[in-house]
>>> print(open('start-v4.txt').read())   # compact mmCIF, C-alpha atoms
# COMPACT_ATOMS: atom_id res chain seq x y z
CA MET B 1385 -3.59 21.53 -24.71
CA ASP B 1386 -6.55 19.29 -25.40
CA ALA B 1387 -6.85 15.55 -24.67
CA SER B 1388 -7.50 14.94 -28.36
CA LEU B 1389 -3.92 15.91 -29.15
CA LEU B 1390 -2.83 12.57 -27.72
CA THR B 1391 -3.47 9.34 -29.56
CA VAL B 1392 -3.80 6.01 -27.85
CA GLN B 1393 -3.43 2.62 -29.50
CA PRO B 1394 -4.61 0.07 -26.96
CA ALA B 1395 -3.69 -2.93 -29.10
CA SER B 1396 -0.07 -1.85 -29.46
CA ALA B 1397 2.58 -3.92 -27.71
CA GLU B 1398 3.75 -0.67 -26.11
CA PRO B 1399 1.87 0.03 -22.85
CA ILE B 1400 -0.46 3.03 -23.06
CA TYR B 1401 1.37 4.96 -20.36
CA ARG B 1402 4.57 4.74 -22.41
CA GLN B 1403 2.74 5.85 -25.54
CA ILE B 1404 1.60 8.98 -23.70
CA VAL B 1405 5.04 9.83 -22.31
CA ALA B 1406 6.63 9.35 -25.74
CA GLN B 1407 4.09 11.71 -27.31
CA LEU B 1408 4.61 14.34 -24.62
CA ARG B 1409 8.35 14.14 -25.23
CA ARG B 1410 7.85 14.68 -28.95
CA LEU B 1411 5.26 17.45 -28.56
CA ILE B 1412 7.50 19.32 -26.14
CA ALA B 1413 10.68 18.76 -28.14
CA GLY B 1414 8.94 19.90 -31.28
CA GLY B 1415 7.63 23.05 -29.66
CA GLN B 1416 3.90 22.25 -30.03
CA LEU B 1417 3.79 22.41 -26.26
CA ALA B 1418 5.57 25.35 -24.70
CA ALA B 1419 6.80 25.88 -21.15
CA GLY B 1420 3.90 26.74 -18.85
CA ASP B 1421 1.22 25.22 -21.12
CA ALA B 1422 -1.39 23.43 -19.04
CA LEU B 1423 -2.05 19.77 -19.66
CA PRO B 1424 -5.55 18.32 -19.68
CA SER B 1425 -6.50 16.76 -16.35
CA VAL B 1426 -6.15 13.04 -15.77
CA ARG B 1427 -9.93 12.80 -15.89
CA GLU B 1428 -10.17 14.57 -19.24
CA VAL B 1429 -7.58 12.33 -20.86
CA ALA B 1430 -9.03 9.16 -19.32
CA GLY B 1431 -12.58 10.16 -20.29
CA PHE B 1432 -11.72 11.21 -23.84
CA HIS B 1433 -9.84 8.02 -24.65
CA ALA B 1434 -11.87 5.72 -22.37
CA ILE B 1435 -8.74 4.54 -20.61
CA ASN B 1436 -7.99 3.85 -16.97
CA PRO B 1437 -7.16 7.09 -15.07
CA MET B 1438 -4.34 5.23 -13.31
CA THR B 1439 -2.64 4.85 -16.68
CA VAL B 1440 -2.76 8.60 -17.28
CA SER B 1441 -1.53 9.34 -13.74
CA ARG B 1442 1.34 6.96 -14.27
CA ALA B 1443 2.28 8.65 -17.55
CA TYR B 1444 2.11 12.13 -15.98
CA GLY B 1445 4.13 10.95 -13.00
CA LEU B 1446 6.81 9.53 -15.24
CA ALA B 1447 6.91 12.69 -17.37
CA GLU B 1448 7.22 14.73 -14.18
CA ALA B 1449 10.10 12.57 -12.95
CA GLU B 1450 11.76 13.05 -16.32
CA GLY B 1451 11.49 16.81 -15.97
CA LEU B 1452 9.07 17.23 -18.86
CA LEU B 1453 6.18 18.36 -16.69
CA GLU B 1454 5.76 20.01 -13.35
CA ARG B 1455 2.85 20.23 -10.95
CA GLN B 1456 1.60 23.76 -10.48
CA ARG B 1457 -0.76 24.69 -7.72
CA GLY B 1458 -4.26 25.44 -8.96
CA LYS B 1459 -3.32 24.63 -12.53
CA GLY B 1460 -2.48 20.95 -12.40
CA MET B 1461 0.25 19.69 -14.67
CA VAL B 1462 2.07 22.16 -16.89
CA VAL B 1463 5.01 21.84 -19.23
CA ALA B 1464 8.14 22.38 -17.13
CA SER B 1465 9.57 25.87 -17.32
CA THR B 1466 13.14 24.85 -16.64
CA ARG B 1467 13.21 23.08 -19.91
CA LYS B 1468 13.95 24.75 -23.21
CA SER B 1469 10.95 23.99 -25.34
CA SER B 1470 13.10 23.42 -28.38
CA GLN B 1471 15.92 21.06 -27.62
CA THR B 1472 19.10 20.60 -29.56
CA GLU B 1473 18.82 18.79 -32.85
CA SER B 1474 20.71 15.76 -31.60
CA ARG B 1475 18.34 15.30 -28.65
CA ARG B 1476 15.30 15.58 -30.85
CA LEU B 1477 16.86 13.12 -33.28
CA ALA B 1478 17.47 10.69 -30.43
CA LEU B 1479 13.72 10.54 -29.84
CA LEU B 1480 13.29 9.00 -33.29
CA GLU B 1481 15.96 6.34 -32.71
CA PRO B 1482 13.56 3.42 -31.97
CA GLN B 1483 11.52 4.07 -35.11
CA MET B 1484 14.68 4.39 -37.21
CA ILE B 1485 16.11 1.14 -35.89
CA ASP B 1486 12.83 -0.50 -36.76
CA LEU B 1487 12.80 0.98 -40.24
CA ALA B 1488 16.40 -0.10 -40.84
CA ARG B 1489 15.57 -3.63 -39.77
CA GLN B 1490 12.60 -3.84 -42.08
CA ALA B 1491 14.60 -2.43 -44.97
CA ARG B 1492 17.27 -5.10 -44.42
CA GLU B 1493 14.64 -7.83 -44.31
CA LEU B 1494 13.34 -6.60 -47.65
CA GLU B 1495 16.94 -6.57 -48.94
CA LEU B 1496 16.56 -2.96 -49.96
CA PRO B 1497 19.74 -0.93 -50.47
CA ALA B 1498 19.99 2.35 -48.54
CA GLN B 1499 19.65 4.69 -51.52
CA PRO B 1500 16.01 4.12 -52.58
CA VAL B 1501 14.88 4.08 -48.93
CA LEU B 1502 16.61 7.39 -48.26
CA ARG B 1503 15.23 8.91 -51.46
CA ARG B 1504 11.70 7.97 -50.47
CA LEU B 1505 12.20 9.18 -46.90
CA THR B 1506 13.59 12.50 -48.15
CA LYS B 1507 10.52 12.92 -50.32
CA LEU B 1508 8.17 12.13 -47.41
CA LEU B 1509 9.99 14.58 -45.15
CA GLY B 1510 9.67 17.29 -47.77
CA GLU B 1511 5.94 16.67 -48.12
CA ALA B 1512 5.12 16.58 -44.45
CA THR B 1513 4.61 20.26 -43.85
CA MET F 787 -6.06 -16.20 3.88
CA ASN F 788 -5.90 -14.70 0.49
CA ALA F 789 -9.15 -12.82 0.92
CA VAL F 790 -7.48 -10.22 3.09
CA LEU F 791 -5.03 -7.81 1.54
CA ARG F 792 -2.70 -5.82 3.68
CA GLU F 793 -2.01 -2.25 2.80
CA GLY F 794 0.06 -0.22 5.20
CA GLU F 795 -1.31 -0.61 8.69
CA SER F 796 -4.93 -1.24 7.91
CA THR F 797 -6.47 -4.45 6.68
CA ILE F 798 -8.56 -4.24 3.55
CA VAL F 799 -11.15 -6.79 2.62
CA ALA F 800 -10.92 -7.97 -0.98
CA PRO F 801 -14.14 -7.34 -2.94
CA LEU F 802 -13.79 -10.78 -4.53
CA ALA F 803 -11.65 -13.76 -3.63
CA VAL F 804 -11.73 -17.43 -4.51
CA ARG F 805 -9.50 -20.31 -3.49
CA GLY F 806 -9.16 -23.78 -4.93
CA LEU F 807 -12.28 -23.41 -7.02
CA GLN F 808 -13.31 -26.55 -8.91
CA HIS F 809 -16.41 -27.25 -10.89
CA CYS F 810 -17.73 -29.57 -13.53
CA TYR F 811 -20.81 -29.96 -15.71
CA GLU F 812 -22.01 -33.48 -16.43
CA GLY F 813 -18.68 -34.98 -15.51
CA ALA F 814 -16.60 -32.59 -17.64
CA SER F 815 -14.27 -30.32 -15.64
CA VAL F 816 -14.86 -26.61 -16.20
CA LEU F 817 -12.74 -25.19 -13.39
CA THR F 818 -9.74 -27.10 -12.16
CA GLY F 819 -8.48 -25.25 -9.12
CA VAL F 820 -8.65 -21.46 -9.50
CA ASP F 821 -7.23 -18.98 -6.97
CA LEU F 822 -7.98 -15.34 -7.67
CA THR F 823 -8.20 -12.18 -5.55
CA LEU F 824 -9.31 -8.73 -6.66
CA ALA F 825 -7.89 -5.70 -4.90
CA PRO F 826 -10.25 -2.77 -4.23
CA GLY F 827 -10.34 -0.31 -7.11
CA SER F 828 -8.79 -2.70 -9.59
CA VAL F 829 -10.27 -3.40 -13.00
CA LEU F 830 -9.69 -7.02 -13.87
CA GLY F 831 -10.28 -8.25 -17.40
CA LEU F 832 -10.93 -11.96 -17.79
CA ILE F 833 -10.01 -13.29 -21.15
CA GLY F 834 -10.30 -16.78 -22.54
CA ARG F 835 -11.66 -18.79 -25.44
CA ASN F 836 -15.31 -19.75 -25.59
CA GLY F 837 -15.88 -22.52 -23.10
CA ALA F 838 -12.71 -21.73 -21.17
CA GLY F 839 -14.75 -21.38 -17.98
CA LYS F 840 -15.05 -17.58 -17.70
CA SER F 841 -18.79 -17.44 -17.04
CA THR F 842 -18.63 -20.37 -14.64
CA LEU F 843 -15.80 -18.69 -12.76
CA ILE F 844 -17.77 -15.45 -12.51
CA ARG F 845 -20.88 -17.23 -11.29
CA ALA F 846 -18.92 -19.20 -8.73
CA MET F 847 -17.17 -16.06 -7.50
CA LEU F 848 -20.55 -14.45 -6.85
CA GLY F 849 -22.07 -17.52 -5.21
CA LEU F 850 -24.53 -18.09 -8.05
CA LEU F 851 -23.52 -21.72 -8.27
CA VAL F 852 -22.30 -24.17 -5.68
CA PRO F 853 -18.80 -25.24 -6.72
CA LEU F 854 -17.60 -28.80 -6.47
CA ALA F 855 -14.76 -27.63 -4.25
CA GLY F 856 -13.20 -24.40 -3.06
CA THR F 857 -14.36 -21.21 -1.38
CA ALA F 858 -15.55 -17.83 -2.63
CA THR F 859 -15.99 -14.61 -0.66
CA VAL F 860 -17.51 -11.25 -1.58
CA PHE F 861 -16.30 -8.39 0.63
CA GLY F 862 -15.19 -11.07 3.07
CA GLU F 863 -18.58 -12.81 3.32
CA PRO F 864 -19.09 -16.34 2.01
CA ALA F 865 -20.46 -15.91 -1.51
CA LEU F 866 -23.10 -18.58 -0.99
CA LYS F 867 -24.61 -16.74 1.98
CA LEU F 868 -24.52 -13.06 1.07
CA GLY F 869 -26.46 -10.62 3.25
CA ASP F 870 -28.57 -7.81 1.80
CA ALA F 871 -26.02 -5.16 2.78
CA ILE F 872 -23.38 -6.79 0.59
CA LYS F 873 -25.83 -7.45 -2.23
CA ALA F 874 -26.69 -3.75 -2.37
CA ARG F 875 -23.02 -2.99 -2.99
CA LEU F 876 -22.62 -5.24 -5.97
CA ALA F 877 -24.03 -5.31 -9.47
CA TYR F 878 -23.76 -8.21 -11.87
CA VAL F 879 -24.76 -8.28 -15.51
CA PRO F 880 -24.99 -11.79 -16.97
CA GLN F 881 -24.59 -12.50 -20.65
CA GLN F 882 -28.30 -13.19 -20.99
CA PRO F 883 -30.35 -11.37 -18.36
CA GLU F 884 -33.74 -12.96 -17.87
CA ALA F 885 -35.17 -11.50 -14.68
CA LEU F 886 -38.38 -9.41 -14.54
CA ALA F 887 -39.23 -9.97 -18.19
CA TRP F 888 -42.90 -9.04 -17.61
CA LEU F 889 -41.98 -5.42 -16.86
CA THR F 890 -41.06 -2.65 -19.25
CA ALA F 891 -37.51 -1.29 -19.14
CA GLN F 892 -38.75 1.80 -17.31
CA GLN F 893 -40.81 -0.19 -14.79
CA MET F 894 -37.93 -2.53 -14.07
CA LEU F 895 -35.51 0.36 -13.45
CA ASP F 896 -38.03 2.18 -11.23
CA PHE F 897 -38.66 -1.03 -9.31
CA VAL F 898 -35.07 -2.12 -8.64
CA GLY F 899 -33.96 1.47 -8.07
CA ARG F 900 -35.80 1.44 -4.73
CA PHE F 901 -33.48 -1.22 -3.37
CA TYR F 902 -30.28 0.68 -3.99
CA PRO F 903 -29.34 3.50 -1.59
CA ARG F 904 -27.25 5.31 -4.24
CA TRP F 905 -29.55 4.84 -7.23
CA ASP F 906 -28.79 7.42 -9.97
CA ASN F 907 -32.14 8.04 -11.64
CA ALA F 908 -30.87 10.75 -13.97
CA PHE F 909 -28.17 8.44 -15.28
CA ALA F 910 -30.69 5.65 -15.93
CA LYS F 911 -33.03 7.97 -17.82
CA HIS F 912 -30.30 9.61 -19.85
CA THR F 913 -28.58 6.35 -20.77
CA LEU F 914 -31.82 4.65 -21.84
CA GLU F 915 -32.16 7.43 -24.38
CA ARG F 916 -28.55 7.35 -25.49
CA TRP F 917 -28.55 3.59 -25.91
CA GLN F 918 -31.84 3.74 -27.82
CA ILE F 919 -34.04 1.62 -25.60
CA GLN F 920 -37.80 2.17 -25.80
CA PRO F 921 -38.68 2.67 -22.13
CA ASN F 922 -42.24 1.36 -22.49
CA LYS F 923 -41.51 -1.89 -24.28
CA LEU F 924 -41.71 -5.12 -22.28
CA LEU F 925 -38.30 -6.59 -21.48
CA ALA F 926 -39.49 -9.90 -22.89
CA LYS F 927 -40.00 -8.19 -26.28
CA LEU F 928 -36.53 -6.68 -26.45
CA SER F 929 -33.72 -8.30 -28.42
CA PRO F 930 -31.02 -10.05 -26.36
CA GLY F 931 -28.67 -7.16 -27.04
CA GLU F 932 -31.21 -4.54 -25.90
CA ARG F 933 -31.97 -6.64 -22.88
CA GLN F 934 -28.33 -6.67 -21.87
CA ARG F 935 -28.09 -2.91 -22.43
CA VAL F 936 -30.98 -2.35 -20.01
CA ASP F 937 -29.24 -4.56 -17.50
CA LEU F 938 -25.99 -2.63 -17.92
CA ILE F 939 -27.91 0.58 -17.20
CA ARG F 940 -29.41 -1.04 -14.10
CA ALA F 941 -25.95 -2.10 -12.91
CA LEU F 942 -24.31 1.29 -13.52
CA ALA F 943 -27.18 3.35 -12.08
CA SER F 944 -26.94 1.48 -8.78
CA GLN F 945 -23.43 2.95 -8.35
CA PRO F 946 -22.04 -0.31 -6.97
CA ASP F 947 -18.76 -0.79 -5.13
CA LEU F 948 -18.27 -3.95 -7.16
CA LEU F 949 -19.32 -4.23 -10.79
CA VAL F 950 -19.23 -7.62 -12.52
CA LEU F 951 -19.93 -7.82 -16.24
CA ASP F 952 -20.00 -11.00 -18.29
CA GLU F 953 -19.18 -10.24 -21.93
CA PRO F 954 -20.74 -6.75 -21.88
CA ALA F 955 -19.32 -5.80 -25.26
CA ALA F 956 -21.42 -8.24 -27.24
CA ALA F 957 -24.59 -6.17 -26.85
CA LEU F 958 -23.15 -2.78 -27.75
CA ASP F 959 -22.25 -1.00 -30.96
CA PRO F 960 -18.81 0.62 -31.03
CA VAL F 961 -20.07 4.02 -29.82
CA ALA F 962 -22.02 2.61 -26.89
CA ARG F 963 -19.15 0.27 -26.10
CA ARG F 964 -16.79 3.20 -25.84
CA GLU F 965 -19.27 4.91 -23.50
CA LEU F 966 -19.41 1.84 -21.30
CA LEU F 967 -15.62 1.66 -21.17
CA ARG F 968 -15.50 5.35 -20.22
CA GLU F 969 -17.95 4.71 -17.38
CA ILE F 970 -15.91 1.75 -16.15
CA ALA F 971 -12.62 3.65 -16.35
CA LEU F 972 -13.84 6.80 -14.61
CA ARG F 973 -15.75 5.00 -11.89
CA ALA F 974 -12.76 2.84 -11.07
CA GLY F 975 -10.47 5.86 -11.05
CA GLU F 976 -12.69 8.26 -9.15
CA SER F 977 -15.14 6.30 -7.01
CA GLY F 978 -12.81 3.38 -6.41
CA THR F 979 -15.29 0.94 -7.96
CA THR F 980 -13.84 -2.54 -8.35
CA VAL F 981 -14.63 -4.06 -11.72
CA LEU F 982 -14.46 -7.59 -13.07
CA PHE F 983 -15.37 -8.13 -16.67
CA SER F 984 -14.94 -10.89 -19.17
CA THR F 985 -14.50 -10.20 -22.83
CA HIS F 986 -13.03 -11.57 -25.98
CA ILE F 987 -12.41 -8.09 -27.37
CA VAL F 988 -8.88 -7.67 -26.16
CA SER F 989 -8.50 -4.00 -27.07
CA ASP F 990 -11.40 -3.10 -24.70
CA LEU F 991 -9.55 -4.80 -21.94
CA GLU F 992 -6.32 -3.03 -22.84
CA ARG F 993 -7.99 0.36 -22.53
CA VAL F 994 -9.51 0.06 -19.10
CA ALA F 995 -8.18 -3.00 -17.31
CA SER F 996 -5.45 -2.58 -14.73
CA GLU F 997 -5.00 -6.34 -14.55
CA ILE F 998 -5.61 -9.22 -16.85
CA ALA F 999 -6.28 -12.87 -16.15
CA PHE F 1000 -6.07 -15.52 -18.85
CA VAL F 1001 -8.47 -18.39 -18.30
CA HIS F 1002 -7.61 -21.49 -20.28
CA GLN F 1003 -9.10 -24.96 -19.94
CA GLY F 1004 -10.45 -24.23 -16.48
CA LYS F 1005 -7.18 -22.83 -15.17
CA LEU F 1006 -5.79 -19.37 -14.60
CA LEU F 1007 -2.77 -19.28 -16.94
CA MET F 1008 -1.63 -15.84 -15.94
CA HIS F 1009 -2.73 -12.97 -13.74
CA CYS F 1010 -0.76 -9.73 -13.81
CA SER F 1011 -0.93 -6.05 -14.65
CA VAL F 1012 -1.66 -5.14 -18.25
CA ASP F 1013 1.41 -2.91 -18.58
CA GLU F 1014 3.68 -5.46 -17.00
CA THR F 1015 2.38 -8.21 -19.26
CA LYS F 1016 3.21 -6.15 -22.32
CA GLU F 1017 6.68 -5.29 -21.08
CA ARG F 1018 7.63 -8.69 -19.76
CA TYR F 1019 6.74 -11.07 -22.58
CA GLY F 1020 7.91 -11.29 -26.16
CA ARG F 1021 8.07 -13.71 -29.04
CA LEU F 1022 11.44 -15.21 -29.89
CA TRP F 1023 11.90 -16.57 -33.38
CA LEU F 1024 14.82 -18.91 -33.97
CA PRO F 1025 15.85 -20.30 -37.36
CA GLY F 1026 16.01 -24.11 -37.54
CA GLN F 1027 19.78 -24.39 -37.03
CA LEU F 1028 19.53 -22.43 -33.76
CA GLY F 1029 16.84 -24.70 -32.34
CA TYR F 1030 19.38 -26.23 -29.93
CA ALA F 1031 19.73 -22.84 -28.20
CA ALA F 1032 16.03 -22.50 -27.38
CA PRO F 1033 15.54 -21.74 -23.69
CA ALA F 1034 14.11 -24.67 -21.76
CA GLN F 1035 11.59 -22.39 -20.04
CA SER F 1036 8.99 -20.80 -22.26
CA LEU F 1037 5.26 -20.28 -22.07
CA SER F 1038 4.69 -21.76 -25.47
CA ARG F 1039 6.78 -23.34 -28.16
CA ARG F 1040 5.84 -23.92 -31.76
CA ARG F 1041 7.91 -25.53 -34.47
CA HIS F 1042 7.11 -24.29 -37.96
CA ASP F 1043 7.17 -26.34 -41.15
CA ASP F 1044 10.55 -24.92 -42.14
CA GLY F 1045 12.11 -26.09 -38.87
CA SER F 1046 12.18 -22.64 -37.28
CA LEU F 1047 10.84 -22.13 -33.77
CA SER F 1048 8.58 -19.53 -32.14
CA LEU F 1049 8.64 -19.24 -28.37
CA VAL F 1050 6.98 -16.92 -25.91
CA ILE F 1051 9.76 -15.78 -23.62
CA GLU F 1052 9.93 -13.72 -20.47
CA ARG F 1053 12.44 -11.12 -19.25
CA ASP F 1054 14.41 -11.99 -16.13
CA ALA F 1055 14.47 -9.89 -12.96
CA HIS F 1056 16.95 -7.45 -14.59
CA GLY F 1057 14.81 -6.96 -17.67
CA HIS F 1058 16.98 -9.13 -19.94
CA TRP F 1059 15.69 -11.64 -22.46
CA PRO F 1060 17.08 -15.20 -22.32
CA GLU F 1061 20.51 -15.57 -23.96
CA ALA F 1062 19.21 -17.18 -27.12
CA ALA F 1063 17.58 -13.86 -28.04
CA SER F 1064 20.94 -12.24 -28.78
CA LEU F 1065 22.25 -14.95 -31.11
CA PRO F 1066 22.78 -13.81 -34.71
CA GLY F 1067 19.70 -14.73 -36.72
CA ALA F 1068 17.41 -14.78 -33.69
CA ARG F 1069 14.71 -12.18 -33.47
CA VAL F 1070 12.51 -10.87 -30.66
CA ASP F 1071 9.19 -9.18 -31.32
CA ALA F 1072 7.10 -7.29 -28.82
CA LEU F 1073 3.75 -8.95 -28.25
CA GLY F 1074 0.40 -7.27 -27.84
CA LEU F 1075 -2.00 -8.96 -25.46
CA GLU F 1076 -4.01 -10.50 -28.25
CA ASP F 1077 -0.95 -12.08 -29.83
CA LEU F 1078 0.26 -13.27 -26.47
CA PHE F 1079 -3.10 -14.80 -25.76
CA VAL F 1080 -3.24 -16.57 -29.11
CA GLU F 1081 0.30 -17.90 -28.64
CA ILE F 1082 -0.31 -19.41 -25.24
CA ALA F 1083 -3.91 -20.53 -25.71
CA GLU F 1084 -3.36 -22.50 -28.88
>>> encode(input="start-v4.txt", output="structure tokens")
Amino acid sequence: MDASLLTVQPASAEPIYRQIVAQLRRLIAGGQLAAGDALPSVREVAGFHAINPMTVSRAYGLAEAEGLLERQRGKGMVVASTRKSSQTESRRLALLEPQMIDLARQARELELPAQPVLRRLTKLLGEAT
Amino acid sequence: MNAVLREGESTIVAPLAVRGLQHCYEGASVLTGVDLTLAPGSVLGLIGRNGAGKSTLIRAMLGLLVPLAGTATVFGEPALKLGDAIKARLAYVPQQPEALAWLTAQQMLDFVGRFYPRWDNAFAKHTLERWQIQPNKLLAKLSPGERQRVDLIRALASQPDLLVLDEPAAALDPVARRELLREIALRAGESGTTVLFSTHIVSDLERVASEIAFVHQGKLLMHCSVDETKERYGRLWLPGQLGYAAPAQSLSRRRHDDGSLSLVIERDAHGHWPEAASLPGARVDALGLEDLFVEIAE
């Protein structure tokens, strides 16, 4: 994996370390990262995105505690082997929950009924391949 | 003594510490009692409106001005009486560098390089090229932006233990700015360099700073970790009829024309928002640092 696979939005209200963990979760759940894949070093990620290395260490540490990553001697951080790289559908769906709650809230504020929102979303999902 | 931080068994001297700092210019208060300590290896971003007192605070911290009241130390030594050994460990880039204007960029770097035991000549040469400075042009003939770039190169090439930058972003285009941030981030992370920089570009600060300090009207409004700041504060919006429920404690409170209220609120020790946030019709939004700053500095 390359540091450019991660995106960082410094101005977001979500701290950068959380952004990184959330992306790792999605990349692993979606199978883009498989068990045993090596992660870029803290230095590579910090250098590529011009962010504080402590932030990257914190993200990796959290992902390790969560069982997403494990430390392997000589190789640094790798995607944990104990974990099935493709999780059950319900677990992967749960990762989208915050975004869906947000979308639902915005749809309500716009007084949009469910049907047109779902139609549009279905279309977008079909396109995104 | 705030200047001494305890970590485990050993005692560590804070690279920068000030207590009760006060200052004024021509009778107008600029600093009204600032306490601030930097831990080794931290990257502290100072943010504040123009005229909030950031540059004065930086200069007072380094002993470049005699404050009206209060004390400042650099690596434990009184800032007003720094010895050469301490001076060699610190690098400061002012907003408008003026020193040695009769030299060319190359001459200046060659000259000051001799005073620094860890001078990185290759870095200086390479970065002059990358930041498009003509090495043989007199410093006096460079634009203010180019002048500050040369001074940034001087500061970084000396490989200081303490790096202090006053509004470094103003002189750099986005590409060079990103390079500077990368240098700051990696040096702090790998060499343990302590960094203090002031900026009004909040996203720069969010990338590399480990801590943030809001300076407002000569006071330190807030000093905490960047991540914690983002997680702890939010904006609560209450419609007019819920105004009675507004928590008494909030960092800022604004009433809008339609009677609704916006407040900056803080989570309690268990991570919960104040009760008013869960009332029907109330709404809590996460706040980025820039929004938070605008809310409390207005």
>>> residues_around(input="start-v4.txt", residues="F:Pro826", least_positions_apart="3", cutoff="9 Å", atoms="only C-alpha atoms", output="ChimeraX atom specification")
/F:798-802,829,947-948,978-981
>>> closest_atom_pairs(input="start-v4.txt", of="chain B", to="chain F", cutoff="9 Å", atoms="all atoms listed in the file", output="JSON lines")
{"residue": "B:Val1392", "atom": "CA", "partner": "F:Arg993", "partner_atom": "CA", "distance": 8.8}
{"residue": "B:Gln1393", "atom": "CA", "partner": "F:Arg993", "partner_atom": "CA", "distance": 8.6}
{"residue": "B:Pro1394", "atom": "CA", "partner": "F:Glu992", "partner_atom": "CA", "distance": 5.4}
{"residue": "B:Ala1395", "atom": "CA", "partner": "F:Ser989", "partner_atom": "CA", "distance": 5.3}
{"residue": "B:Ser1396", "atom": "CA", "partner": "F:Gly1074", "partner_atom": "CA", "distance": 5.7}
{"residue": "B:Ala1397", "atom": "CA", "partner": "F:Gly1074", "partner_atom": "CA", "distance": 4.0}
{"residue": "B:Glu1398", "atom": "CA", "partner": "F:Lys1016", "partner_atom": "CA", "distance": 6.7}
{"residue": "B:Pro1399", "atom": "CA", "partner": "F:Asp1013", "partner_atom": "CA", "distance": 5.2}
{"residue": "B:Ile1400", "atom": "CA", "partner": "F:Asp1013", "partner_atom": "CA", "distance": 7.7}
{"residue": "B:Tyr1401", "atom": "CA", "partner": "F:Asp1013", "partner_atom": "CA", "distance": 8.1}
{"residue": "B:Arg1427", "atom": "CA", "partner": "F:Leu972", "partner_atom": "CA", "distance": 7.3}
{"residue": "B:Ala1430", "atom": "CA", "partner": "F:Leu972", "partner_atom": "CA", "distance": 7.1}
{"residue": "B:Gly1431", "atom": "CA", "partner": "F:Arg968", "partner_atom": "CA", "distance": 5.6}
{"residue": "B:Phe1432", "atom": "CA", "partner": "F:Arg968", "partner_atom": "CA", "distance": 7.9}
{"residue": "B:His1433", "atom": "CA", "partner": "F:Arg968", "partner_atom": "CA", "distance": 7.7}
{"residue": "B:Ala1434", "atom": "CA", "partner": "F:Arg968", "partner_atom": "CA", "distance": 4.2}
{"residue": "B:Ile1435", "atom": "CA", "partner": "F:Arg993", "partner_atom": "CA", "distance": 4.7}
{"residue": "B:Asn1436", "atom": "CA", "partner": "F:Val994", "partner_atom": "CA", "distance": 4.6}
{"residue": "B:Pro1437", "atom": "CA", "partner": "F:Gly975", "partner_atom": "CA", "distance": 5.4}
{"residue": "B:Met1438", "atom": "CA", "partner": "F:Gly975", "partner_atom": "CA", "distance": 6.6}
{"residue": "B:Thr1439", "atom": "CA", "partner": "F:Ser996", "partner_atom": "CA", "distance": 8.2}
>>> write_last_selection(input="start-v4.txt", atoms="C-alpha atoms", output="mmCIF file, in the coordinates of the input")
data_model
loop_
_atom_site.group_PDB
_atom_site.id
_atom_site.type_symbol
_atom_site.label_atom_id
_atom_site.label_comp_id
_atom_site.auth_asym_id
_atom_site.auth_seq_id
_atom_site.Cartn_x
_atom_site.Cartn_y
_atom_site.Cartn_z
ATOM 1 C CA VAL B 1392 -3.800 6.010 -27.850
ATOM 2 C CA GLN B 1393 -3.430 2.620 -29.500
ATOM 3 C CA PRO B 1394 -4.610 0.070 -26.960
ATOM 4 C CA ALA B 1395 -3.690 -2.930 -29.100
ATOM 5 C CA SER B 1396 -0.070 -1.850 -29.460
ATOM 6 C CA ALA B 1397 2.580 -3.920 -27.710
ATOM 7 C CA GLU B 1398 3.750 -0.670 -26.110
ATOM 8 C CA PRO B 1399 1.870 0.030 -22.850
ATOM 9 C CA ILE B 1400 -0.460 3.030 -23.060
ATOM 10 C CA TYR B 1401 1.370 4.960 -20.360
ATOM 11 C CA ARG B 1427 -9.930 12.800 -15.890
ATOM 12 C CA ALA B 1430 -9.030 9.160 -19.320
ATOM 13 C CA GLY B 1431 -12.580 10.160 -20.290
ATOM 14 C CA PHE B 1432 -11.720 11.210 -23.840
ATOM 15 C CA HIS B 1433 -9.840 8.020 -24.650
ATOM 16 C CA ALA B 1434 -11.870 5.720 -22.370
ATOM 17 C CA ILE B 1435 -8.740 4.540 -20.610
ATOM 18 C CA ASN B 1436 -7.990 3.850 -16.970
ATOM 19 C CA PRO B 1437 -7.160 7.090 -15.070
ATOM 20 C CA MET B 1438 -4.340 5.230 -13.310
ATOM 21 C CA THR B 1439 -2.640 4.850 -16.680
#
>>> atom_distance(input="start-v4.txt", atom1="atom CA of B:Arg1442", atom2="atom CA of B:Asp1421")
19.5 Å
>>> residues_around(input="start-v4.txt", residues="stretch 1474-1490 of chain B", least_positions_apart="4", cutoff="12 Å", atoms="all atoms listed in the file", output="ChimeraX atom specification")
/B:1405-1415,1468-1470,1494-1498,1501-1502,1505 /F:1069,1071-1072
>>> atom_distance(input="start-v4.txt", atom1="atom CA of B:Ser1465", atom2="atom CA of B:Val1440")
21.2 Å
>>> residues_around(input="start-v4.txt", residues="stretch 906-916 of chain F", least_positions_apart="6", cutoff="7 Å", atoms="all atoms listed in the file", output="ChimeraX atom specification")
/F:939,943-944
>>> atom_distance(input="start-v4.txt", atom1="atom CA of F:Arg835", atom2="atom CA of F:Val804")
21.0 Å
>>> residues_around(input="start-v4.txt", residues="stretch 890-898 of chain F", least_positions_apart="3", cutoff="7 Å", atoms="all atoms listed in the file", output="ChimeraX atom specification")
/F:886,901,921-925,936,940
>>> residues_around(input="start-v4.txt", residues="F:Ser815", least_positions_apart="3", cutoff="10 Å", atoms="all atoms listed in the file", output="PyMOL selection string")
chain F and resi 808-812+818+839+854+1003-1004
